[in-house]
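Here is the structure we will look at.
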Amino acid sequence: MAAKKYYAVKKGKSVGIFSTWTECKAAVDGYSGAEFKGFATRMEAERYLGLTPCAGSGHSEANKAYGAEIYAAKTSQGVEGQPACRLLTYVDGSYDDSLKKYAFGCVFILDDGTIYTECGNGDNPQSLQHRNVTGEMLGAMYAVKTAMFNGFSSVEICYDYQGLEKWVTGEWRAKTELTGKYAAAMREWGRNIQITFTKVAAHTNVKFNELADRTAKRGLTEATGVPKVRKLTELNKYLEETEKS
């Protein structure tokens, strides 16, 4: 019998796919009516959660051009006229002590290879104590709200600060009011949209994680507070040639 390498949580304190039983247990322990199951492959786990491509879907050739990391993410194209099933996002945070500001950067990747970015900042005295982590949390929350606003049924958050996931799953105890509010909000939204987390090693030249980092840094000086949630087509479209110029 094949060993179970992936655990899919359909109903719990946090929903999504986890690679260890410890993480899965933290997501369902104490949750009334929890639904979860172990699988040998990620594809089986995704199918259990309904994250397989929508009817009539397929990967576009343009998507492949962005490299293995997008292709491997299995972003799916929706039925014509409908939004894609899953939104792939990268989030990061930044902080500047001289400005006394924190900021976030979000990268949104669609199945056809189109990339949008958004950033925001803040200077709330209570939130400053968490420095860049405040930006990380704001980025994750903005990503989820954007996915819901645009009609996606699932959002994958790629991050490099593990607290973003562990506070939500309960593996880490939220010790401050701010981290507690973050965890509570993400769990509540998780009742309406599938939220999955993917850990990315920081500063290892992962293309879109680095883009999220640069976007967050720009947010320190270019943003004016936290922007309202909008349609993806209203956000900044990322063009690599423009950034290099």
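Residues in the structure tokens are named by chain (A, B, ... in the order shown) and by number from 1 within that chain; ligands are numbered from 1 in the order shown.
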
I'd like the neighbourhood of Thr233 (chain A) as number ranges by chain, where a residue qualifies if any of its atoms comes within 12 Å (using only C-alpha atoms), though same-chain residues fewer than 4 positions away should be ignored. A: 108-110, 114-118, 146, 150, 229, 237-238

Could you please write out, as a list in words, every residue of region 99-171 of chain A that DSSP assigns to alpha helix (DSSP H)? Pro125, Gln126, Ser127, Leu128, Asn132, Val133, Thr134, Gly135, Glu136, Met137, Leu138, Gly139, Ala140, Met141, Tyr142, Ala143, Val144, Lys145, Thr146, Ala147, Met148, Phe149, Gly163, Leu164, Glu165, Lys166, Trp167, Val168 and Thr169 of chain A

Within 7 Å of region 180-187 of chain A using only C-alpha atoms, minus same-chain residues under 3 positions, as a list in words: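 Contacts, with the query itself left out: Lys13, Ser14, Met137, Trp167, Val168, Ala174, Lys175, Thr176, Glu177, Gly190 and Arg191 of chain A.
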
If we count only C-alpha atoms and set the cut-off at 7 Å, which residues sit around Thr215 (chain A), ignoring sequence neighbours fewer than 3 positions away in its own chain? Please answer as a PyMOL selection string. chain A and resi 105+119+211-212+218-219

Quick one: distance from CA of Tyr6 (chain A) to CA of Arg86 (chain A) in Å, one decimal?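 Computed distance, CA of Tyr6 (chain A) to CA of Arg86 (chain A), equals 19.0 Å.
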
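Between Glu165 (chain A) and the candidates A:Ala27, A:Phe39, A:Leu178, A:Ala103, the tightest atom-to-atom separation, counting only C-alpha atoms, involves A:Ala27.
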
Out of A:Lys11, A:Lys101, A:Lys166, A:Lys207, which residue has the shortest atom-to-atom distance to Ala223 (chain A) when counting only C-alpha atoms?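 Smallest distance to Ala223 (chain A) is found for A:Lys101.
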
Based on DSSP run over this structure's backbone, return all residues of region 108-232 of chain A in strand (DSSP E or B), as a list in words. Phe108, Ile109, Ile115, Tyr116, Thr117, Glu118, Cys119, Gly120, Asn121, Gly122, Ser154, Val155, Glu156, Ile157, Cys158, Tyr159, Gln194, Ile195, Thr196, Phe197, Thr198 and Lys199 of chain A

Select, from A:Val206, A:Cys24, A:Leu164, A:Cys85, the residue with the minimum atom-to-atom distance to Gln194 (chain A), counting only C-alpha atoms.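 Of A:Val206, A:Cys24, A:Leu164, A:Cys85, the one nearest Gln194 (chain A) is A:Cys85, counting only C-alpha atoms.
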
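Note that the spacing between CA of Trp21 (chain A) and CA of Ala140 (chain A) amounts to 23.8 Å.
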
Identify, on the basis of only C-alpha atoms, every residue whose closest approach to Ala216 (chain A) does not exceed 12 Å; exclude the query and any residue fewer than 2 positions from it along the same chain; express the result as a ChimeraX atom specification. /A:90-96,101-107,117-122,132-136,138-139,209-214,218-223,226
